[in-house]
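Have a look at the structure below before the remarks.
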Amino acid sequence: MHRFLFFSFCFQASAFVFYPVGNNPLRWNVANGLAHTNVVNPQTSAIRYYIASDGFSAANREAELAAVRASFDQWQSVPGSTLKFEFAGFISPAGLDVKEDNTNVVFWAKQSTIVAGGLMNISGLRGWTSVSFAPDGTIVEADIVLNGREFGWFTDFNNSSNQAQFVESVVVHEIGHFLGLDHASTGGASLAIGGYGVSPEAGLSPDEIAAIRFLYPTNAAASARIRGTVRLGGIGRLGAVVIAEDVSGNLACATVTRADGTYDLAGLAPGSYGVRVTPLDPGNSGIEKLLRGADIAPEYTDAFTSFSATTNLPVTITAGQVRVQDFTVVSGSTMRITSISKPSQIESLISVHRFAISLAPGSQQFVAVSGAILKNGSVLSITGAGDGVTMGATTFHENAIAGNIHSLTALVTVSSNATPGLRSFVIRHGGDLAYANGYVEIAAPIIDYNFDGLEDRFQRMYWSPWTTALAKPAADPDGDLFSNAFEFRMNTNPTNAASYLLPITKVERTTNSTEITVEADVGKRYQLYVRSAFGSGDWTASGRPSTASTNPLTFTELTSADSKFYRVGLVP
């Protein structure tokens, strides 16, 4: 038995990088029986976890515990994955520690930052995950400890100004380690460098989705992969970042090369990609960096960084295909982006921000990047210029941050129909290129972190955890015969049977008929009723009930010129 310790630093970054054990990736293998039945349910093949019953705070305990459960639910909701979790219950916080005891536990350390029987000091870390595994790479136990001694924590997704730690962001990050992943090699991913509050790292990125579809697939043949070797001077090089970008300029998958220069972009959907190779920041770059090899994992501390980034190479893959694509890079002293500025309406308002930023559809703001080797005459852009992103002219600001730390600014316009996702900053100066991969989020107009098609804010308003089965789009928890999805569309309360709305949106009369159009819940049966007086008389059914196959639903009634009044009702 072995134990692997994943460190989750407060200022850290990464992407789809799995931890190899021999020729196997580290992962849960629920079918081989190596894990204790208290850790993996042998009947359901679900990975069981417990939560310390005290949470972080007495005042917000229930919401904190629900947030941890919702974090596990997000990972198991990834389409195309067999991954299943089972909440096994609450456990007493008395004497809890990171240890091998056939129990997966999530808890806040609040009395001391010393854990793991005195072997680990989590001071300065938001969270820390310990994974025990068998010689074949099968995970047999994992614990997550959150730093309740040095950090504040909150759970309100709508509180965008809170600068404490958002529980879901950190726990989702730690669950990535719990499942066998190292830190990511880009910004913006859940396993990437994350800021305080509700940041772009909340919710799983395509990179984590690709990882789970690779490690825990329902149908491995449905996905594809791109693999190969990155060489300089005929020698494979450690720690080169390899990025697959989709046709919208969004990050699809990323990894880093191993010691022999090989890489593997797995779990990709069939389609067309642009693939490039970029260097990490040098190991001696100090605080002037976005991402160094040591930030991903200790194995990449000596990553080779003295080469020039490449342009995108078009690669098309089909389902089940393993595409071999090698790269040859050349030595070079490259420009580097070492910090990002928060978006602003003022061009000269340049800040130092080492996390991904978010741009809303329909917005127009100034963006900026900074670095010590940036040059006047460079052009700043964001990937996906053909998909809703328009850049203005680039302005060079000498020594904008400090002596010899220069900046580039540009006005960026994001169209209302820009494809959401993680994009990248690009700097061009002649033939030189520099990237900040995945450090620009084009925000989604509808938040759907559990992939069920229903706006998360609506679910968070009525349920805790908001990922409960009662919150599913087709569910009808108040028994009024209207689904949650319909009540969301009608802006009614899905937990109150007296709160419903069935609006007739149009009544249009022709010579011999009247068409009555109503907002409908697809799959439900409706009946049109009619009467001749406005405030009196019985409502009479007109025709037979109709099952809504689309929304809206239109009834057609053959009618004379007499005035009539209509209503539509839901029927069993």
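How things are named: the first chain in the structure tokens is A, the next is B, and so on; residues count from 1 in each chain; ligands count from 1 in the order shown.
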
(request) Name the residues of range 3-143 of chain A that fall into alpha helix (DSSP H) according to DSSP on the backbone, using the chain letters and numbers of this document, as number ranges by chain. (result) A: 61-76

Preceding selection exported with C-alpha atoms as a CSV table (one decimal), in the first residue's frame:
chain,number,residue,atom,x,y,z
A,61,ARG,CA,-23.2,24.6,9.2
A,62,GLU,CA,-26.1,23.2,7.2
A,63,ALA,CA,-25.2,25.2,4.1
A,64,GLU,CA,-21.5,24.2,4.4
A,65,LEU,CA,-22.3,20.5,4.7
A,66,ALA,CA,-24.8,20.7,1.7
A,67,ALA,CA,-22.1,22.5,-0.3
A,68,VAL,CA,-19.7,19.6,0.2
A,69,ARG,CA,-22.4,17.1,-1.0
A,70,ALA,CA,-23.1,19.3,-4.0
A,71,SER,CA,-19.4,19.3,-4.9
A,72,PHE,CA,-19.3,15.5,-5.1
A,73,ASP,CA,-22.6,15.5,-7.1
A,74,GLN,CA,-21.1,17.8,-9.7
A,75,TRP,CA,-18.3,15.3,-10.5
A,76,GLN,CA,-20.7,12.4,-10.7

(request) Could you give me the residues within range 294-406 of chain A that DSSP places in strand (DSSP E or B), as a PyMOL selection string? (result) chain A and resi 307+313-317+322-324+327-328+331+339-340+344+353+357-359+364-371+379-382+389-391+395-402+405-406

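The environment of Ile447 in chain A within 10 Å, counting only C-alpha atoms and disregarding residues fewer than 4 places along the same chain, consists of Gly203, Ala443, Phe451, Gly453, Leu454, Glu455, Asp456, Arg457 and Phe458 of chain A.
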
Any chance you can output those residues with C-alpha atoms as a compact mmCIF listing (two decimals), in the first residue's frame?
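Contents of the output file part-v5.txt:
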# COMPACT_ATOMS: atom_id res chain seq x y z
CA GLY A 203 -17.74 24.37 -11.89
CA ALA A 443 -19.11 33.35 -19.00
CA PHE A 451 -25.18 19.27 -16.48
CA GLY A 453 -30.09 21.60 -18.35
CA LEU A 454 -31.68 23.67 -15.56
CA GLU A 455 -30.28 26.98 -14.32
CA ASP A 456 -28.35 26.34 -11.10
CA ARG A 457 -29.37 29.65 -9.50
CA PHE A 458 -33.01 28.53 -9.68

Per residue of range 276-327 of chain A within 12 Å of range 354-368 of chain A, note the shortest atom pair and the distance in Å to one decimal, counting only C-alpha atoms, and order the rows by chain and increasing residue number, as JSON lines.
{"residue": "A:Ile287", "atom": "CA", "partner": "A:Arg354", "partner_atom": "CA", "distance": 9.8}
{"residue": "A:Glu288", "atom": "CA", "partner": "A:Arg354", "partner_atom": "CA", "distance": 9.3}
{"residue": "A:Lys289", "atom": "CA", "partner": "A:Arg354", "partner_atom": "CA", "distance": 7.9}
{"residue": "A:Leu290", "atom": "CA", "partner": "A:Arg354", "partner_atom": "CA", "distance": 5.9}
{"residue": "A:Leu291", "atom": "CA", "partner": "A:Arg354", "partner_atom": "CA", "distance": 9.1}

Could you write out the selected residues, including all heavy atoms, as a PDB file, in the first residue's frame?
ATOM      1  N   ILE A 287       7.980  35.173  -7.829  1.00  0.00           N
ATOM      2  CA  ILE A 287       6.554  35.523  -7.853  1.00  0.00           C
ATOM      3  C   ILE A 287       6.110  36.016  -9.217  1.00  0.00           C
ATOM      4  O   ILE A 287       4.908  36.117  -9.482  1.00  0.00           O
ATOM      5  CB  ILE A 287       6.226  36.587  -6.778  1.00  0.00           C
ATOM      6  CG1 ILE A 287       6.982  37.891  -7.064  1.00  0.00           C
ATOM      7  CG2 ILE A 287       6.527  36.067  -5.391  1.00  0.00           C
ATOM      8  CD1 ILE A 287       6.531  39.047  -6.186  1.00  0.00           C
ATOM      9  N   GLU A 288       7.042  36.363 -10.101  1.00  0.00           N
ATOM     10  CA  GLU A 288       6.675  36.834 -11.429  1.00  0.00           C
ATOM     11  C   GLU A 288       6.391  35.635 -12.331  1.00  0.00           C
ATOM     12  O   GLU A 288       7.162  35.288 -13.215  1.00  0.00           O
ATOM     13  CB  GLU A 288       7.783  37.707 -12.017  1.00  0.00           C
ATOM     14  CG  GLU A 288       7.894  39.069 -11.359  1.00  0.00           C
ATOM     15  CD  GLU A 288       6.594  39.861 -11.488  1.00  0.00           C
ATOM     16  OE1 GLU A 288       5.932  39.765 -12.538  1.00  0.00           O
ATOM     17  OE2 GLU A 288       6.242  40.571 -10.539  1.00  0.00           O
ATOM     18  N   LYS A 289       5.242  34.999 -12.095  1.00  0.00           N
ATOM     19  CA  LYS A 289       4.901  33.804 -12.867  1.00  0.00           C
ATOM     20  C   LYS A 289       3.397  33.559 -12.788  1.00  0.00           C
ATOM     21  O   LYS A 289       2.711  34.019 -11.871  1.00  0.00           O
ATOM     22  CB  LYS A 289       5.658  32.595 -12.325  1.00  0.00           C
ATOM     23  CG  LYS A 289       5.446  32.299 -10.835  1.00  0.00           C
ATOM     24  CD  LYS A 289       4.318  31.337 -10.562  1.00  0.00           C
ATOM     25  CE  LYS A 289       4.154  31.055  -9.082  1.00  0.00           C
ATOM     26  NZ  LYS A 289       3.045  30.117  -8.808  1.00  0.00           N
ATOM     27  N   LEU A 290       2.904  32.825 -13.786  1.00  0.00           N
ATOM     28  CA  LEU A 290       1.547  32.279 -13.718  1.00  0.00           C
ATOM     29  C   LEU A 290       1.580  30.823 -13.288  1.00  0.00           C
ATOM     30  O   LEU A 290       0.789  30.386 -12.463  1.00  0.00           O
ATOM     31  CB  LEU A 290       0.848  32.402 -15.084  1.00  0.00           C
ATOM     32  CG  LEU A 290       0.377  33.786 -15.509  1.00  0.00           C
ATOM     33  CD1 LEU A 290      -0.290  33.708 -16.872  1.00  0.00           C
ATOM     34  CD2 LEU A 290      -0.582  34.380 -14.481  1.00  0.00           C
ATOM     35  N   LEU A 291       2.531  30.052 -13.850  1.00  0.00           N
ATOM     36  CA  LEU A 291       2.541  28.608 -13.579  1.00  0.00           C
ATOM     37  C   LEU A 291       3.926  28.019 -13.830  1.00  0.00           C
ATOM     38  O   LEU A 291       4.458  28.133 -14.927  1.00  0.00           O
ATOM     39  CB  LEU A 291       1.514  27.917 -14.494  1.00  0.00           C
ATOM     40  CG  LEU A 291       1.376  26.413 -14.350  1.00  0.00           C
ATOM     41  CD1 LEU A 291       0.901  26.034 -12.959  1.00  0.00           C
ATOM     42  CD2 LEU A 291       0.396  25.868 -15.390  1.00  0.00           C
TER      43      LEU A 291
END

(request) With a distance cut-off of 10 Å and only C-alpha atoms, select the neighbouring residues of range 540-557 of chain A, excluding the residue or stretch itself and same-chain residues fewer than 4 positions from it, and output the selection as a PyMOL selection string. (result) chain A and resi 504-509+512-532+566-572

(request) Rank nothing, just name the residue among A:Ser199, A:Thr311, A:Ser536, A:Asn399 nearest to Val440 in chain A, using only C-alpha atoms. (result) A:Ser199

(message) Show me, as a list in words, the residues that have an atom within 7 Å of range 204-213 of chain A when counting only C-alpha atoms, minus same-chain residues fewer than 3 positions from it.
(response)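 In the requested format, the answer is Ala15, Phe16, Val78, Gly80, Ser81, Ala189, Ser190, Tyr216, Pro217, Ala252, Cys253, Ala254, Ala266, Gly267, Leu268 and Tyr449 of chain A.
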
(request) Between A:Arg48, A:Arg336, A:His353, A:Lys99, single out the one closest to Ser306 in chain A, counting only C-alpha atoms. (result) A:Arg336

(message) Please determine, counting only C-alpha atoms, which residue among A:Leu502, A:Thr390, A:Ile235, A:Ile139 has the shortest atom-to-atom distance to Arg489 in chain A.
(response)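 Checking each candidate against Arg489 in chain A, we get A:Leu502 as the closest.
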
(request) Write out as a ChimeraX atom specification the residues lying within 10 Å of range 409-420 of chain A, counting only C-alpha atoms and excluding same-chain residues fewer than 6 positions away. (result) /A:248-250,341,343-350,359-370,379-382,384-397,441-446

Serialized selection, N, CA and C atoms, as a compact mmCIF listing (two decimals), in the first residue's frame:
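Wrote result.txt, looks like this:
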# COMPACT_ATOMS: atom_id res chain seq x y z
N SER A 248 -13.95 27.13 -31.43
CA SER A 248 -14.37 28.42 -30.88
C SER A 248 -13.24 29.12 -30.14
N GLY A 249 -12.07 28.48 -30.10
CA GLY A 249 -10.95 29.06 -29.35
C GLY A 249 -10.96 28.71 -27.89
N ASN A 250 -11.86 27.77 -27.49
CA ASN A 250 -11.97 27.38 -26.10
C ASN A 250 -11.08 26.18 -25.78
N SER A 341 -4.58 41.40 -15.66
CA SER A 341 -5.26 42.50 -14.99
C SER A 341 -6.76 42.23 -14.93
N PRO A 343 -10.54 42.95 -15.52
CA PRO A 343 -11.18 43.79 -16.54
C PRO A 343 -11.64 45.12 -15.95
N SER A 344 -11.57 46.18 -16.75
CA SER A 344 -11.88 47.51 -16.25
C SER A 344 -12.44 48.37 -17.39
N GLN A 345 -13.17 49.40 -17.02
CA GLN A 345 -13.63 50.39 -17.98
C GLN A 345 -12.59 51.47 -18.22
N ILE A 346 -11.49 51.41 -17.47
CA ILE A 346 -10.43 52.42 -17.58
C ILE A 346 -9.16 51.75 -18.08
N GLU A 347 -8.65 52.19 -19.21
CA GLU A 347 -7.51 51.52 -19.83
C GLU A 347 -6.27 51.56 -18.94
N SER A 348 -6.07 52.63 -18.22
CA SER A 348 -4.84 52.78 -17.43
C SER A 348 -4.92 52.08 -16.08
N LEU A 349 -6.07 51.51 -15.74
CA LEU A 349 -6.24 50.85 -14.44
C LEU A 349 -5.74 49.41 -14.56
N ILE A 350 -4.42 49.23 -14.41
CA ILE A 350 -3.77 47.94 -14.59
C ILE A 350 -3.45 47.36 -13.21
N LEU A 359 -15.28 37.32 -18.57
CA LEU A 359 -15.90 38.35 -19.41
C LEU A 359 -17.32 37.91 -19.73
N ALA A 360 -18.28 38.78 -19.50
CA ALA A 360 -19.68 38.45 -19.73
C ALA A 360 -20.07 38.68 -21.18
N PRO A 361 -20.91 37.83 -21.75
CA PRO A 361 -21.43 38.10 -23.10
C PRO A 361 -22.12 39.46 -23.14
N GLY A 362 -21.90 40.20 -24.22
CA GLY A 362 -22.49 41.52 -24.36
C GLY A 362 -21.72 42.62 -23.67
N SER A 363 -20.51 42.33 -23.17
CA SER A 363 -19.74 43.34 -22.44
C SER A 363 -18.63 43.93 -23.29
N GLN A 364 -18.14 45.06 -22.86
CA GLN A 364 -16.99 45.72 -23.50
C GLN A 364 -16.11 46.30 -22.40
N GLN A 365 -14.89 45.80 -22.27
CA GLN A 365 -13.99 46.21 -21.20
C GLN A 365 -12.55 46.19 -21.69
N PHE A 366 -11.71 46.89 -20.95
CA PHE A 366 -10.27 46.82 -21.21
C PHE A 366 -9.69 45.63 -20.46
N VAL A 367 -8.81 44.90 -21.12
CA VAL A 367 -8.08 43.82 -20.48
C VAL A 367 -6.60 44.13 -20.61
N ALA A 368 -5.79 43.53 -19.73
CA ALA A 368 -4.36 43.79 -19.76
C ALA A 368 -3.59 42.56 -19.29
N VAL A 369 -2.39 42.40 -19.82
CA VAL A 369 -1.45 41.39 -19.35
C VAL A 369 -0.13 42.09 -19.10
N SER A 370 0.68 41.50 -18.21
CA SER A 370 1.95 42.12 -17.86
C SER A 370 3.06 41.08 -17.83
N VAL A 379 1.16 42.66 -30.24
CA VAL A 379 -0.30 42.64 -30.43
C VAL A 379 -0.91 41.66 -29.44
N LEU A 380 -1.85 42.15 -28.64
CA LEU A 380 -2.55 41.32 -27.66
C LEU A 380 -3.88 40.86 -28.26
N SER A 381 -4.18 39.57 -28.15
CA SER A 381 -5.46 39.04 -28.63
C SER A 381 -5.97 37.96 -27.69
N ILE A 382 -7.19 37.53 -27.94
CA ILE A 382 -7.83 36.43 -27.21
C ILE A 382 -8.26 35.40 -28.24
N GLY A 384 -10.25 32.70 -30.41
CA GLY A 384 -11.66 32.66 -30.81
C GLY A 384 -12.15 33.97 -31.36
N ALA A 385 -11.28 34.70 -32.06
CA ALA A 385 -11.68 36.00 -32.62
C ALA A 385 -12.85 35.86 -33.58
N GLY A 386 -12.99 34.69 -34.22
CA GLY A 386 -14.11 34.49 -35.13
C GLY A 386 -15.38 34.07 -34.44
N ASP A 387 -15.34 33.93 -33.12
CA ASP A 387 -16.50 33.50 -32.36
C ASP A 387 -16.78 34.49 -31.23
N GLY A 388 -17.20 35.67 -31.62
CA GLY A 388 -17.76 36.60 -30.65
C GLY A 388 -16.80 37.46 -29.87
N VAL A 389 -15.50 37.44 -30.18
CA VAL A 389 -14.54 38.27 -29.46
C VAL A 389 -13.86 39.21 -30.45
N THR A 390 -13.94 40.50 -30.19
CA THR A 390 -13.31 41.51 -31.04
C THR A 390 -12.34 42.33 -30.20
N MET A 391 -11.10 42.44 -30.67
CA MET A 391 -10.08 43.17 -29.93
C MET A 391 -9.80 44.52 -30.58
N GLY A 392 -9.63 45.54 -29.75
CA GLY A 392 -9.19 46.83 -30.24
C GLY A 392 -7.67 46.87 -30.35
N ALA A 393 -7.15 48.03 -30.66
CA ALA A 393 -5.70 48.19 -30.81
C ALA A 393 -4.98 47.96 -29.49
N THR A 394 -3.76 47.44 -29.57
CA THR A 394 -2.95 47.17 -28.38
C THR A 394 -2.12 48.40 -28.01
N THR A 395 -2.10 48.73 -26.72
CA THR A 395 -1.30 49.84 -26.21
C THR A 395 -0.22 49.29 -25.28
N PHE A 396 0.99 49.74 -25.45
CA PHE A 396 2.12 49.31 -24.62
C PHE A 396 2.30 50.30 -23.47
N HIS A 397 2.44 49.78 -22.24
CA HIS A 397 2.64 50.61 -21.05
C HIS A 397 3.96 50.20 -20.41
N GLU A 441 -12.22 33.51 -19.16
CA GLU A 441 -13.49 32.80 -19.23
C GLU A 441 -14.53 33.67 -19.94
N ILE A 442 -15.15 33.12 -21.01
CA ILE A 442 -16.34 33.74 -21.57
C ILE A 442 -17.50 33.10 -20.79
N ALA A 443 -18.12 33.88 -19.93
CA ALA A 443 -19.11 33.35 -19.00
C ALA A 443 -20.34 32.83 -19.74
N ALA A 444 -20.93 31.79 -19.19
CA ALA A 444 -22.15 31.22 -19.77
C ALA A 444 -23.37 32.03 -19.31
N PRO A 445 -24.33 32.27 -20.18
CA PRO A 445 -25.53 33.02 -19.76
C PRO A 445 -26.36 32.24 -18.75
N ILE A 446 -26.29 30.92 -18.81
CA ILE A 446 -26.99 30.07 -17.85
C ILE A 446 -25.96 29.18 -17.17

(message) So, with only C-alpha atoms as the atoms that count, which of A:Val256, A:Leu558, A:Met120, A:Leu26 lies closest to Ser132 in chain A?
(response)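 Closest residue, counting only C-alpha atoms: A:Leu26.
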
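The spacing separating CA of Val170 in chain A from CA of Phe133 in chain A amounts to 22.8 Å.
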
(message) For a test of reading the model, state the distance in Å between CA of Thr218 in chain A and CA of Gln43 in chain A, rounded to one decimal.
(response)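 Computed distance, CA of Thr218 in chain A to CA of Gln43 in chain A, equals 18.0 Å.
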
(message) Taking only C-alpha atoms into account, name the residue in A:Asn38, A:Ser77, A:Thr262, A:Thr257 that is nearest to Thr468 in chain A.
(response) A:Ser77

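One finds CA of Thr129 in chain A at 16.3 Å from CA of Ser112 in chain A.
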
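Considering only C-alpha atoms, the residue among A:Asp54, A:Thr301, A:Met335, A:Gly421 positioned nearest to Pro200 in chain A is A:Gly421.
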